[in-house]
Each structure stands twice: as C-alpha cells, then as structure tokens.
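Structure file query-v7.txt with compact mmCIF, C-alpha atoms:
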# COMPACT_ATOMS: atom_id res chain seq x y z
CA MET Z 1073 56.20 2.81 21.17
CA SER Z 1074 59.29 3.50 23.22
CA GLY Z 1075 59.86 6.78 21.46
CA THR Z 1076 63.21 6.18 19.79
CA LEU Z 1077 61.45 5.85 16.46
CA ASN Z 1078 58.03 7.29 16.00
CA GLU Z 1079 55.28 5.27 14.44
CA ALA Z 1080 54.91 7.43 11.35
CA ARG Z 1081 58.61 7.07 10.56
CA LEU Z 1082 58.43 3.34 11.11
CA MET Z 1083 55.39 3.12 8.84
CA ALA Z 1084 57.14 5.01 6.05
CA LEU Z 1085 60.03 2.56 6.27
CA TYR Z 1086 57.73 -0.43 6.39
CA HIS Z 1087 55.91 0.70 3.25
CA ASN Z 1088 58.97 1.57 1.24
CA PRO Z 1089 60.30 -1.46 -0.60
CA SER Z 1090 63.74 0.11 -0.99
CA ALA Z 1091 64.10 0.72 2.76
CA ALA Z 1092 63.99 -2.90 3.83
CA SER Z 1093 67.45 -2.99 5.36
CA GLU Z 1094 66.88 0.27 7.20
CA LEU Z 1095 63.68 -1.19 8.61
CA ASP Z 1096 65.52 -4.29 9.75
CA ARG Z 1097 68.09 -2.16 11.58
CA ALA Z 1098 65.39 -0.08 13.20
CA ILE Z 1099 63.45 -2.98 14.62
CA ALA Z 1100 66.58 -4.81 15.71
CA GLN Z 1101 67.24 -2.01 18.19
CA ASP Z 1102 63.70 -1.44 19.34
CA PRO Z 1103 61.50 -4.28 20.67
CA ALA Z 1104 58.38 -2.11 20.66
CA ALA Z 1105 58.95 -1.23 17.02
CA ALA Z 1106 59.57 -4.90 16.24
CA ALA Z 1107 56.29 -5.86 17.88
CA LEU Z 1108 54.44 -3.21 15.94
CA VAL Z 1109 55.92 -4.31 12.63
CA ALA Z 1110 55.10 -7.91 13.46
CA GLU Z 1111 51.52 -6.87 14.08
CA TRP Z 1112 51.40 -5.01 10.75
CA ARG Z 1113 52.69 -8.09 9.01
CA ARG Z 1114 49.91 -10.13 10.56
CA GLN Z 1115 47.40 -7.54 9.43
CA ASP Z 1116 48.79 -7.61 5.91
CA ALA Z 1117 48.71 -11.41 5.87
CA ALA Z 1118 45.09 -11.37 7.01
CA LEU Z 1119 44.13 -8.83 4.33
CA GLY Z 1120 45.93 -10.89 1.70
CA ALA Z 1121 44.14 -14.05 2.81
CA LEU Z 1122 40.78 -12.25 2.83
CA TYR Z 1123 40.95 -10.34 -0.40
CA GLY Z 1124 43.87 -11.74 -2.38
CA PRO Z 1125 42.09 -14.71 -4.00
CA VAL Z 1126 39.93 -12.38 -6.10
CA GLY Z 1127 43.06 -11.61 -8.09
CA GLN Z 1128 43.20 -15.23 -9.26
CA GLU Z 1129 39.68 -15.24 -10.65
CA PRO Z 1130 39.05 -15.12 -14.39
CA VAL Z 1131 38.39 -11.59 -15.55
CA PRO Z 1132 34.68 -11.00 -16.26
CA ALA Z 1133 33.94 -10.73 -19.95
CA ARG Z 1134 32.50 -7.24 -19.69
CA LEU Z 1135 35.85 -5.97 -18.39
CA ARG Z 1136 37.92 -7.86 -20.93
CA ASP Z 1137 35.69 -6.55 -23.68
CA ILE Z 1138 36.76 -2.99 -23.00
CA ILE Z 1139 40.33 -3.88 -23.93
CA LEU Z 1140 39.27 -6.04 -26.86
CA GLN Z 1141 37.11 -3.31 -28.31
CA ALA Z 1142 39.92 -0.81 -28.00
CA GLU Z 1143 42.16 -3.21 -29.87
CA THR Z 1144 39.67 -3.89 -32.63
CA PRO Z 1145 40.01 -1.62 -35.62
CA ALA Z 1146 37.16 -3.60 -37.19
CA ASN Z 1147 34.82 -1.56 -35.03
CA LEU Z 1148 35.30 1.27 -37.45
CA PRO Z 1149 34.38 0.89 -41.07
CA ARG Z 1150 37.50 1.50 -43.06
CA SER Z 1151 36.30 3.28 -46.11
CA PRO Z 1152 33.27 5.18 -47.31
CA TRP Z 1153 32.67 2.32 -49.72
CA GLN Z 1154 32.43 -0.15 -46.88
CA ILE Z 1155 30.11 2.11 -44.94
CA ALA Z 1156 27.86 2.38 -47.96
CA ALA Z 1157 27.97 -1.35 -48.63
CA ALA Z 1158 27.25 -2.25 -45.03
CA ALA Z 1159 24.41 0.22 -44.83
CA GLY Z 1160 22.88 -1.07 -48.05
CA ILE Z 1161 22.94 -4.63 -46.86
CA LEU Z 1162 21.47 -3.69 -43.53
CA ILE Z 1163 18.66 -1.82 -45.21
CA THR Z 1164 17.74 -4.69 -47.52
CA PHE Z 1165 18.09 -7.14 -44.70
CA GLY Z 1166 15.91 -5.01 -42.47
CA ALA Z 1167 13.30 -4.57 -45.16
CA SER Z 1168 13.13 -8.26 -45.98
CA LEU Z 1169 13.04 -9.26 -42.34
CA GLY Z 1170 9.55 -7.93 -41.72
CA PHE Z 1171 7.14 -10.57 -40.57
CA GLY Z 1172 9.69 -13.34 -40.91
CA GLY Z 1173 11.99 -11.57 -38.52
CA SER Z 1174 9.46 -11.48 -35.74
CA VAL Z 1175 8.73 -15.15 -36.22
CA LEU Z 1176 12.41 -15.87 -36.13
CA VAL Z 1177 12.91 -14.01 -32.88
CA ALA Z 1178 9.86 -15.51 -31.24
CA ARG Z 1179 10.84 -19.01 -32.21
CA SER Z 1180 14.45 -18.73 -31.13
CA GLY Z 1181 13.61 -17.81 -27.56
CA ALA Z 1182 16.88 -18.54 -25.80
CA SER Z 1183 19.23 -16.43 -27.84
CA PRO Z 1184 17.55 -14.52 -30.65
CA SER Z 1185 20.41 -12.06 -30.86
CA LEU Z 1186 22.92 -14.84 -31.48
CA VAL Z 1187 21.19 -16.16 -34.57
CA ALA Z 1188 20.17 -12.70 -35.76
CA ASP Z 1189 23.77 -11.53 -35.45
CA ALA Z 1190 24.99 -14.68 -37.19
CA LEU Z 1191 22.58 -14.25 -40.08
CA ARG Z 1192 23.45 -10.60 -40.43
CA ALA Z 1193 27.17 -11.31 -40.42
CA HIS Z 1194 26.68 -14.07 -42.96
CA GLU Z 1195 24.64 -11.84 -45.27
CA THR Z 1196 27.10 -9.01 -44.92
CA TYR Z 1197 30.29 -10.88 -45.69
CA VAL Z 1198 29.38 -13.88 -47.76
CA VAL Z 1199 28.86 -11.59 -50.74
CA GLU Z 1200 32.35 -10.17 -50.40
CA VAL Z 1201 34.46 -11.02 -53.41
CA ARG Z 1202 37.73 -9.33 -52.71
CA HIS Z 1203 37.79 -9.26 -48.89
CA PRO Z 1204 35.70 -12.10 -47.55
CA VAL Z 1205 38.02 -12.49 -44.56
CA GLU Z 1206 40.55 -10.43 -42.64
CA VAL Z 1207 42.96 -13.26 -41.86
CA ALA Z 1208 43.37 -16.14 -44.27
CA GLY Z 1209 42.78 -19.73 -43.22
CA SER Z 1210 46.21 -20.64 -44.55
CA ASP Z 1211 47.66 -18.97 -41.47
CA ALA Z 1212 45.70 -21.21 -39.11
CA GLN Z 1213 47.70 -20.65 -35.95
CA HIS Z 1214 47.59 -16.90 -36.19
CA LEU Z 1215 43.93 -16.96 -37.11
CA GLN Z 1216 43.02 -19.03 -34.07
CA ALA Z 1217 45.12 -17.00 -31.65
CA TRP Z 1218 43.75 -13.74 -32.96
CA LEU Z 1219 40.11 -14.79 -32.90
CA ASN Z 1220 40.44 -16.33 -29.45
CA LYS Z 1221 41.93 -13.16 -28.12
CA ARG Z 1222 39.32 -10.91 -29.64
CA VAL Z 1223 36.37 -13.06 -28.62
CA GLY Z 1224 37.96 -13.77 -25.27
CA MET Z 1225 37.34 -17.51 -25.43
CA SER Z 1226 39.34 -20.56 -26.48
CA PHE Z 1227 38.11 -22.38 -29.52
CA THR Z 1228 39.45 -24.07 -32.62
CA PRO Z 1229 38.33 -23.20 -36.12
CA PRO Z 1230 36.97 -26.56 -37.26
CA ILE Z 1231 38.17 -28.31 -40.40
CA LEU Z 1232 35.25 -29.16 -42.67
CA THR Z 1233 37.07 -30.56 -45.69
CA ASP Z 1234 35.23 -33.88 -45.23
CA TYR Z 1235 32.15 -31.98 -46.29
CA GLY Z 1236 33.91 -30.30 -49.17
CA TYR Z 1237 34.38 -26.95 -47.47
CA ASN Z 1238 37.77 -25.32 -47.12
CA LEU Z 1239 38.47 -22.63 -44.57
CA LEU Z 1240 38.89 -19.29 -46.33
CA GLY Z 1241 39.67 -17.52 -43.08
CA GLY Z 1242 38.02 -15.39 -40.49
CA ARG Z 1243 37.13 -11.95 -39.36
CA ILE Z 1244 35.90 -10.11 -36.31
CA VAL Z 1245 32.40 -8.71 -36.29
CA PRO Z 1246 31.35 -6.17 -33.69
CA VAL Z 1247 28.38 -7.16 -31.55
CA ASP Z 1248 26.67 -5.54 -28.58
CA GLN Z 1249 28.90 -7.16 -26.01
CA GLY Z 1250 32.30 -7.01 -27.68
CA ALA Z 1251 33.44 -9.02 -30.63
CA ALA Z 1252 32.39 -12.22 -32.33
CA ALA Z 1253 34.27 -14.37 -34.84
CA LEU Z 1254 33.02 -15.17 -38.30
CA LEU Z 1255 34.74 -18.04 -40.09
CA MET Z 1256 34.07 -18.47 -43.76
CA TYR Z 1257 34.30 -21.71 -45.73
CA GLU Z 1258 34.01 -22.28 -49.42
CA ASN Z 1259 33.57 -25.42 -51.47
CA ALA Z 1260 34.96 -26.18 -54.91
CA GLU Z 1261 31.88 -24.66 -56.50
CA GLY Z 1262 32.35 -21.43 -54.68
CA ALA Z 1263 29.42 -22.02 -52.35
CA ARG Z 1264 30.07 -20.43 -49.01
CA ILE Z 1265 29.02 -21.20 -45.49
CA THR Z 1266 29.90 -19.29 -42.36
CA LEU Z 1267 30.47 -20.31 -38.79
CA TYR Z 1268 29.69 -17.55 -36.32
CA ILE Z 1269 31.16 -17.86 -32.82
CA ALA Z 1270 30.37 -15.49 -29.96
CA ALA Z 1271 30.91 -15.59 -26.21
CA GLU Z 1272 27.63 -16.35 -24.44
CA PRO Z 1273 28.62 -16.18 -20.80
CA GLY Z 1274 26.14 -17.56 -18.35
CA GLN Z 1275 24.08 -19.37 -20.97
CA GLY Z 1276 23.34 -23.03 -20.49
CA GLU Z 1277 23.81 -25.63 -23.18
CA THR Z 1278 21.20 -25.88 -25.87
CA ALA Z 1279 20.32 -28.51 -28.42
CA PHE Z 1280 20.74 -27.76 -32.11
CA ARG Z 1281 18.17 -25.22 -33.26
CA PHE Z 1282 17.34 -24.06 -36.76
CA ASP Z 1283 16.36 -20.69 -38.09
CA GLN Z 1284 16.10 -19.41 -41.60
CA GLU Z 1285 15.82 -16.21 -43.44
CA ASP Z 1286 15.50 -15.66 -47.21
CA GLY Z 1287 16.68 -19.11 -48.17
CA VAL Z 1288 19.65 -18.94 -45.85
CA GLN Z 1289 19.49 -21.34 -42.97
CA SER Z 1290 21.29 -21.44 -39.65
CA VAL Z 1291 21.86 -24.25 -37.25
CA TRP Z 1292 22.94 -22.89 -33.91
CA TRP Z 1293 23.71 -24.04 -30.40
CA ILE Z 1294 25.29 -22.85 -27.18
CA ASP Z 1295 27.87 -24.94 -25.43
CA GLY Z 1296 30.66 -24.20 -22.99
CA GLY Z 1297 30.00 -20.48 -22.98
CA LEU Z 1298 30.18 -20.24 -26.76
CA GLY Z 1299 27.27 -19.53 -29.03
CA CYS Z 1300 27.83 -20.99 -32.48
CA ALA Z 1301 25.86 -20.81 -35.70
CA VAL Z 1302 26.55 -22.47 -39.03
CA THR Z 1303 24.81 -20.57 -41.79
CA GLY Z 1304 24.46 -21.38 -45.45
CA ASP Z 1305 22.14 -22.01 -48.34
CA LEU Z 1306 21.93 -25.72 -47.59
CA PRO Z 1307 19.29 -28.32 -46.80
CA ARG Z 1308 18.68 -28.78 -43.12
CA GLU Z 1309 20.21 -32.28 -42.98
CA ALA Z 1310 23.45 -31.14 -44.62
CA LEU Z 1311 23.61 -28.24 -42.20
CA ARG Z 1312 23.00 -30.53 -39.26
CA ALA Z 1313 25.85 -32.84 -40.34
CA ILE Z 1314 28.26 -29.92 -40.73
CA GLY Z 1315 27.06 -28.45 -37.44
CA THR Z 1316 27.74 -31.74 -35.68
CA GLU Z 1317 31.24 -31.87 -37.12
CA ALA Z 1318 31.91 -28.27 -36.10
CA TYR Z 1319 30.49 -28.90 -32.63
CA ASP Z 1320 32.93 -31.78 -32.14
CA GLN Z 1321 35.94 -29.67 -33.08
CA ILE Z 1322 35.32 -26.20 -31.68
CA LEU Z 1323 35.89 -26.69 -27.98
CA PRO Z 1324 39.15 -28.06 -26.59
CA ALA Z 1325 38.92 -31.72 -25.64
CA GLU Z 1326 37.86 -32.04 -22.02
CA THR Z 1327 40.00 -34.98 -20.94
CA MET K 1114 49.18 -1.61 -27.95
CA ALA K 1115 51.71 -2.12 -25.20
CA VAL K 1116 49.74 0.20 -22.95
CA LEU K 1117 46.56 -1.75 -23.64
CA ASP K 1118 48.33 -4.96 -22.72
CA GLU K 1119 49.50 -3.41 -19.47
CA ILE K 1120 45.99 -2.20 -18.72
CA GLU K 1121 44.64 -5.65 -19.42
CA ALA K 1122 47.23 -7.23 -17.16
CA ALA K 1123 46.20 -4.91 -14.34
CA ILE K 1124 42.53 -5.91 -14.34
CA PRO K 1125 42.84 -8.67 -11.71
CA ALA K 1126 44.59 -6.31 -9.31
CA LEU K 1127 42.04 -3.56 -9.92
CA ARG K 1128 39.18 -5.96 -9.21
CA ARG K 1129 40.86 -7.30 -6.10
CA TYR K 1130 41.33 -3.80 -4.81
CA ALA K 1131 37.89 -2.54 -5.77
CA ILE K 1132 36.09 -5.52 -4.23
CA ALA K 1133 38.02 -5.18 -0.99
CA LEU K 1134 37.41 -1.45 -0.95
CA LEU K 1135 33.70 -1.41 -1.81
CA ARG K 1136 32.84 -4.83 -0.31
CA ASP K 1137 30.30 -5.37 -3.06
CA ARG K 1138 31.34 -7.35 -6.12
CA ASP K 1139 28.86 -5.84 -8.55
CA ALA K 1140 29.59 -2.29 -7.50
CA ALA K 1141 33.30 -3.07 -7.68
CA ASP K 1142 33.09 -4.49 -11.19
CA ASP K 1143 31.04 -1.47 -12.26
CA LEU K 1144 33.75 0.74 -10.86
CA VAL K 1145 36.53 -1.19 -12.57
CA GLN K 1146 34.59 -1.07 -15.82
CA ASP K 1147 34.27 2.70 -15.60
CA ALA K 1148 37.93 3.04 -14.70
CA LEU K 1149 39.00 0.85 -17.62
CA GLU K 1150 36.85 2.77 -20.06
CA ARG K 1151 38.31 6.01 -18.88
CA ALA K 1152 41.82 4.59 -19.03
CA VAL K 1153 41.38 3.20 -22.53
CA ARG K 1154 40.05 6.54 -23.75
CA ARG K 1155 42.89 8.44 -22.21
CA ARG K 1156 45.73 6.05 -22.78
CA ALA K 1157 47.39 8.44 -25.17
CA ASP K 1158 47.85 10.83 -22.23
CA LEU K 1159 49.97 8.34 -20.35
CA ARG K 1160 53.66 9.10 -20.35
CA GLY K 1161 56.44 6.97 -18.99
CA GLU K 1162 56.79 3.25 -18.62
CA GLY K 1163 55.90 1.13 -15.63
CA LYS K 1164 53.43 3.67 -14.37
CA VAL K 1165 50.31 2.10 -15.74
CA LEU K 1166 49.23 0.42 -12.52
CA SER K 1167 49.61 3.56 -10.40
CA TRP K 1168 47.80 5.55 -13.05
CA LEU K 1169 44.94 3.04 -13.08
CA PHE K 1170 44.62 3.14 -9.30
CA ALA K 1171 44.49 6.93 -9.47
CA ILE K 1172 41.74 6.83 -12.11
CA LEU K 1173 39.78 4.32 -10.08
CA LEU K 1174 40.12 6.32 -6.89
CA ASN K 1175 39.03 9.49 -8.64
CA LEU K 1176 35.87 7.70 -9.64
CA VAL K 1177 35.45 6.48 -6.07
CA ARG K 1178 35.74 10.01 -4.78
CA ASP K 1179 33.20 11.22 -7.30
CA ARG K 1180 30.65 8.51 -6.81
CA HIS K 1181 31.10 6.64 -3.61
CA ARG K 1182 31.38 9.37 -1.06
CA HIS K 1183 28.29 8.13 0.69
CA LEU K 1184 30.08 4.90 1.50
CA THR K 1185 32.34 6.77 3.87
CA ARG K 1186 29.36 7.50 6.04
CA SER K 1187 27.44 4.28 5.57
CA ALA K 1188 30.38 1.91 5.71
CA HIS K 1189 29.32 0.56 9.10
CA LEU K 1190 25.98 -0.42 7.58
CA VAL K 1191 27.50 -2.71 4.98
CA PRO K 1192 26.55 -6.28 5.83
CA ILE K 1193 29.39 -8.66 6.54
CA GLU K 1194 27.82 -11.83 5.19
CA ALA K 1195 30.22 -11.57 2.30
CA ALA K 1196 32.93 -12.91 4.58
CA ALA K 1197 31.08 -16.16 5.06
CA ASP K 1198 30.56 -16.49 1.32
CA GLN K 1199 34.25 -16.37 0.64
CA GLY K 1200 34.91 -19.64 2.43
CA LEU K 1201 37.35 -18.01 4.79
CA PRO K 1202 40.00 -20.23 6.26
CA PRO K 1203 40.04 -20.33 10.07
CA ALA K 1204 42.60 -18.30 11.94
CA GLN K 1205 45.74 -20.22 12.73
CA ASP K 1206 48.07 -19.76 15.65
CA GLY K 1207 49.43 -16.26 15.75
CA SER K 1208 47.37 -15.03 12.81
CA LEU K 1209 44.33 -12.81 12.98
CA ALA K 1210 40.77 -14.07 12.78
CA LEU K 1211 39.77 -13.24 9.24
CA THR K 1212 36.11 -12.65 9.95
CA GLU K 1213 37.11 -10.13 12.61
CA VAL K 1214 39.46 -8.41 10.22
CA HIS K 1215 36.81 -8.30 7.50
CA ALA K 1216 34.26 -6.85 9.91
CA ALA K 1217 36.78 -4.32 11.18
CA MET K 1218 37.61 -3.28 7.63
CA GLY K 1219 33.92 -2.62 7.09
CA ARG K 1220 33.88 -0.20 9.99
CA LEU K 1221 36.81 1.83 8.71
CA PRO K 1222 36.05 5.06 6.87
CA LEU K 1223 36.49 4.62 3.14
CA ASP K 1224 39.53 6.89 2.94
CA GLN K 1225 41.36 4.86 5.57
CA ARG K 1226 40.43 1.58 3.91
CA ALA K 1227 41.60 2.98 0.58
CA VAL K 1228 45.12 3.71 1.75
CA LEU K 1229 45.47 0.56 3.87
CA LEU K 1230 44.49 -1.69 0.98
CA LEU K 1231 46.79 0.09 -1.44
CA VAL K 1232 49.84 -0.58 0.70
CA ALA K 1233 48.89 -3.80 2.49
CA LEU K 1234 47.02 -5.68 -0.22
CA GLU K 1235 48.46 -4.17 -3.39
CA GLY K 1236 51.99 -3.62 -2.13
CA ARG K 1237 52.20 -0.01 -3.24
CA SER K 1238 54.66 2.18 -1.37
CA LEU K 1239 53.26 4.85 0.90
CA ALA K 1240 54.44 7.55 -1.51
CA GLU K 1241 52.74 5.83 -4.43
CA ALA K 1242 49.55 5.38 -2.45
CA ALA K 1243 49.53 9.06 -1.55
CA ARG K 1244 49.87 10.01 -5.22
CA ALA K 1245 47.08 7.66 -6.27
CA LEU K 1246 44.85 9.09 -3.55
CA GLY K 1247 45.74 12.66 -4.43
CA VAL K 1248 46.87 13.52 -0.90
CA THR K 1249 50.21 14.35 0.71
CA GLU K 1250 52.31 11.55 2.07
CA GLY K 1251 51.72 12.90 5.56
CA THR K 1252 47.97 12.67 5.16
CA ALA K 1253 48.23 9.17 3.74
CA ALA K 1254 50.47 8.12 6.62
CA SER K 1255 48.13 9.50 9.22
CA ARG K 1256 45.10 7.75 7.67
CA LEU K 1257 47.10 4.57 7.45
CA GLY K 1258 48.14 4.86 11.08
CA ARG K 1259 44.55 5.29 12.19
CA ALA K 1260 43.44 2.36 10.05
CA ARG K 1261 46.09 0.06 11.48
CA ALA K 1262 45.37 1.16 15.03
CA ALA K 1263 41.65 0.52 14.53
CA LEU K 1264 42.38 -2.96 13.18
CA ARG K 1265 44.63 -3.61 16.15
CA VAL K 1266 41.83 -2.69 18.53
CA ALA K 1267 39.21 -4.61 16.61
CA THR K 1268 41.24 -7.80 16.64
CA GLY K 1269 41.89 -7.53 20.37
CA ARG K 1270 45.57 -6.83 20.07
CA ASP K 1271 45.78 -3.30 21.30
CA ARG K 1272 48.00 -3.86 24.31
CA GLN K 1273 50.73 -1.37 25.02
CA THR K 1274 53.20 -3.97 26.25
CA GLY K 1275 53.70 -6.55 23.59
CA THR K 1276 51.05 -7.74 21.20
CA GLY K 1277 51.03 -11.27 22.50
CA GLY K 1278 51.28 -12.82 19.07
CA GLU K 1279 54.80 -14.09 19.20
CA SER K 1280 54.17 -17.40 20.93
As a first step, turn the structure in this file into structure tokens.
Amino acid sequence: MSGTLNEARLMALYHNPSAASELDRAIAQDPAAAALVAEWRRQDAALGALYGPVGQEPVPARLRDIILQAETPANLPRSPWQIAAAAGILITFGASLGFGGSVLVARSGASPSLVADALRAHETYVVEVRHPVEVAGSDAQHLQAWLNKRVGMSFTPPILTDYGYNLLGGRIVPVDQGAAALLMYENAEGARITLYIAAEPGQGETAFRFDQEDGVQSVWWIDGGLGCAVTGDLPREALRAIGTEAYDQILPAET
Amino acid sequence: MAVLDEIEAAIPALRRYAIALLRDRDAADDLVQDALERAVRRRADLRGEGKVLSWLFAILLNLVRDRHRHLTRSAHLVPIEAAADQGLPPAQDGSLALTEVHAAMGRLPLDQRAVLLLVALEGRSLAEAARALGVTEGTAASRLGRARAALRVATGRDRQTGTGGES
C-alpha cells in the first residue's frame, strides 16, 4: 500500500455496502489500493465459485423437518379427551399386535416403520366420527398445499371416486422423522380407507407389498422418495386396484 | 409464523456457510441442524425485523465456538479431496485457481475463515460479521486482513508492486 489509505480502512469500506461510492473514490486516487481491491474481488469470486453452489441444493429433509415440526400444532394433542383416546387406541393396538406384530415387521423388511405407522394412523383416525380429518377434501387446493408443505414433498391427493370412495380430507400425523399425511376416503356405505404418505428419502422403489393386522390390510410401496400405504378392511384384490390408481395419481407426471 | 418462514428461507445460506467453514458436509449439516433447533426454540426472543439471518449466523457461530474449537488447531489436517468432488471449474484468465484457494482456505485458522466467509461468501458487512462472531470490528478486521493476506500468498499473488492480474 502506498500509505494514503491504510488497508484496514480500505477493507472497512470494501465490506460496507453503503460505502460503495466512497470506495470508488478511494481507489480512483490510489493505484495500490485499486490493485488490492481487485485482488479481493478475485478472492471473493473464487470463494463464491467454490462454495456458492451449495446454496442452490435442495435442503435436506432433516433440516426442513425442524421448521415443519415447529409449525405443526398436531404434534401436541389438543385436549385431555384426545390424549385419552389416543392412549387407549395405542394400548389396544399394542396388546393385539403381539405375535402378529413381529411377523409383520419381519415380513416387511424394507420399511417396517412405514407400514406400522400407516396402520397405527389408520386405526387411530378411522374411528373418528366428528373429526376424521383436519382439512376437508372439499378444499382440495388448500389441502394439497398444506400437506405438501408439512411432509416436505410434492404429491397430489388421488381421486378414487371410480372405486366409490370420496375424499373426506386429510390430516398430519407426527412420525419419527417429521410429519406424514393421512388422507381419508369414505364410500356411500360409510366404509373408510386411508392413504398414508410419508417422505422416505434415500429409499429405492419397491413393488406393491401387503401387510395386515386385525382384519385391516395395507398395500404399500415406495416410489420417488414417497412411502405410501392404502389401508382398509378390503379384500387384497380390491386394495391392489385402489393402490394402483393411487400410485398413478400421487406423483406429478414426469414428462 | 413469519419468523419461521424467515428461518426456513435462511437454511440454504446457513448450509453454504457451514460447509465452507467446516469443510465437511455431514458435520456442517449437523451444525446447521443444531443451530436451527436452537433458533426455533428461541424464536420468541427475536426482536426486530430483517435481523433473522444475522441472528442465525450468531447462533451457528456460538455452536462452532462451543464444539469445534479443535478445528482451529487441526485445520491443516483436513483433507482437500473435497475440492475434486465438487467438480471445480478450471481457473480462467485473471481468476484464481480454485483448488489452490480451497487448499489455502483449509490452512487458515477457523476464526479467520469464519470472518472471511461471512463477508466474502455471505455478503455480510464487516460490522455485521463482527457482531455475529461476538468480537469487536477491529478484531474482525484484523482477522480478515490476515486471512486475505494468507490467500494472496497461497495463490502466488503476494507481490508488492501490482498483483499481475489485470492483463
């Protein structure tokens, strides 16, 4: 430096966005200062080229989940009644699981927690008379946006009216790694099925698999980072047909 | 809710900064996770608008100070293979060789790297960087000066008369 402007002063100007014109004046009068600033700009450009691209990457799910969980009031049971109801269902479910549960887990292999969570969510909410869902299916756009945001993935609640099931709506269910969506459908007879959708990052695709528990059966699969399970008191072939229809609609078209 | 949205919007910048600072993606994401959890828990403490990003950097750097002190000493031991993994573009005329810069960054003490990345990569002002680091502006400036001088030497540009990069 030639000494007319010391380096620390120059640096303070350079790193003060509101001093840009002062910096320009300073380096216009001082070739050594100009050279130094030019060198800093090259350094900054190199650092940006080296480390900047990370900022364009998708945010890992475990980081996004922290925000989602903070936004999710569903993480907290809302009333003593709900706590009692949830606890009761969990106890009966746990008691009835017994031997069958271990078979279920062993057979599922790839993602036992997915189907166990799906079955539990189904059992918990399908019995709900007054509050089966948090957001009604009649508000489809809002429902989809809300569930996508909470789960952190893009998907479309499938329409299953061809099979006689109308979308009642959906809710968020807390799971180990954030939040999953539970969509509930009902037919004209009041029979209900649920579609459980959870992010399954890093999991490969699977074929359709079946699991059952106490007369309730699930068909589940993983595709495109989403684990899905259709659960209901239905014969396997009916479940497979509905699962195929749901599979076709859930993920955005790829072309 | 608005604060949560701002925190969420800051995650890419926090990751970018943490990965450049720690030079280890897993450690960086662990750090960002801890910082986010702390921020979410304490978001009611935040006062004033437009300060979320600075506040998050301060939280993150507090965690760094608590947990990553050893990196200051072992920074020169961090392998530099990461640079090759990033598919670095070659240096062009007048620009610095990126692998050299990455290696030089690895040799900087953590506190110097912390301030340099805050201003150069994240575009924070020197005053803001000093606040996030919990030091005076003078201290931040002196660390920054040393960091830039070290980079200048490491990239072969430390010549008193002209830096030779203008052509």
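For chain K, the residues close to chain Z, meaning within 6 Å and counting all atoms listed in the file, are Pro1125, Ala1126, Arg1129, Ala1133, Gln1146, Ser1208, Ala1233, Leu1234, Ser1238 and Leu1239 of chain K.
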**OP:** Could you check how far atom CA of K:Trp1168 sits from atom CA of K:Ala1260, in Å to one decimal?
**Re:** 23.7 Å
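Taking atom CA of Z:Ala1091 and atom CA of K:Leu1230 as endpoints, the distance between them is 19.8 Å.
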Near-Z:Gly1297 list (7 Å; only C-alpha atoms; drop same-chain fewer than 5 positions) as a PDB file with C-alpha atoms, in the coordinates of the input:
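Now in result_8.pdb:
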ATOM      1  CA  ALA Z1271      30.910 -15.590 -26.210  1.00  0.00           C
ATOM      2  CA  GLU Z1272      27.630 -16.350 -24.440  1.00  0.00           C
ATOM      3  CA  PRO Z1273      28.620 -16.180 -20.800  1.00  0.00           C
ATOM      4  CA  GLY Z1274      26.140 -17.560 -18.350  1.00  0.00           C
ATOM      5  CA  GLN Z1275      24.080 -19.370 -20.970  1.00  0.00           C
TER       6      GLN Z1275
END
Original post:
Restricting the calculation to all atoms listed in the file, which member of Z:Leu1298, Z:Leu1191, Z:Val1199, Z:Leu1082 is positioned closest to Z:Asp1286?
Top reply: Z:Leu1191
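Reported to one decimal place, the separation of atom CA of K:Ala1152 from atom CA of K:Arg1256 is 27.1 Å.
Nearest to K:Leu1127 of all the residues K:Leu1209, K:Val1145, K:Leu1264, K:Val1248 is K:Val1145, based on all atoms listed in the file.
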**OP:** Would you list the contacts of Z:Asp1248 as a ChimeraX atom specification, taking every protein, DNA or RNA residue within 10 Å and counting only C-alpha atoms, but skipping same-chain residues closer than 3 positions in sequence?
**Re:** /Z:1185,1189,1251-1252
Output C-alpha atoms for every residue in the selection just made, as a compact mmCIF listing (two decimals), in the frame of the given file.
# COMPACT_ATOMS: atom_id res chain seq x y z
CA SER Z 1185 20.41 -12.06 -30.86
CA ASP Z 1189 23.77 -11.53 -35.45
CA ALA Z 1251 33.44 -9.02 -30.63
CA ALA Z 1252 32.39 -12.22 -32.33
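For the choices Z:Glu1195, Z:Glu1258, Z:Asp1283, Z:Asp1295, the atom-to-atom distance to Z:Ala1270 is smallest for Z:Asp1295 when using all atoms listed in the file.
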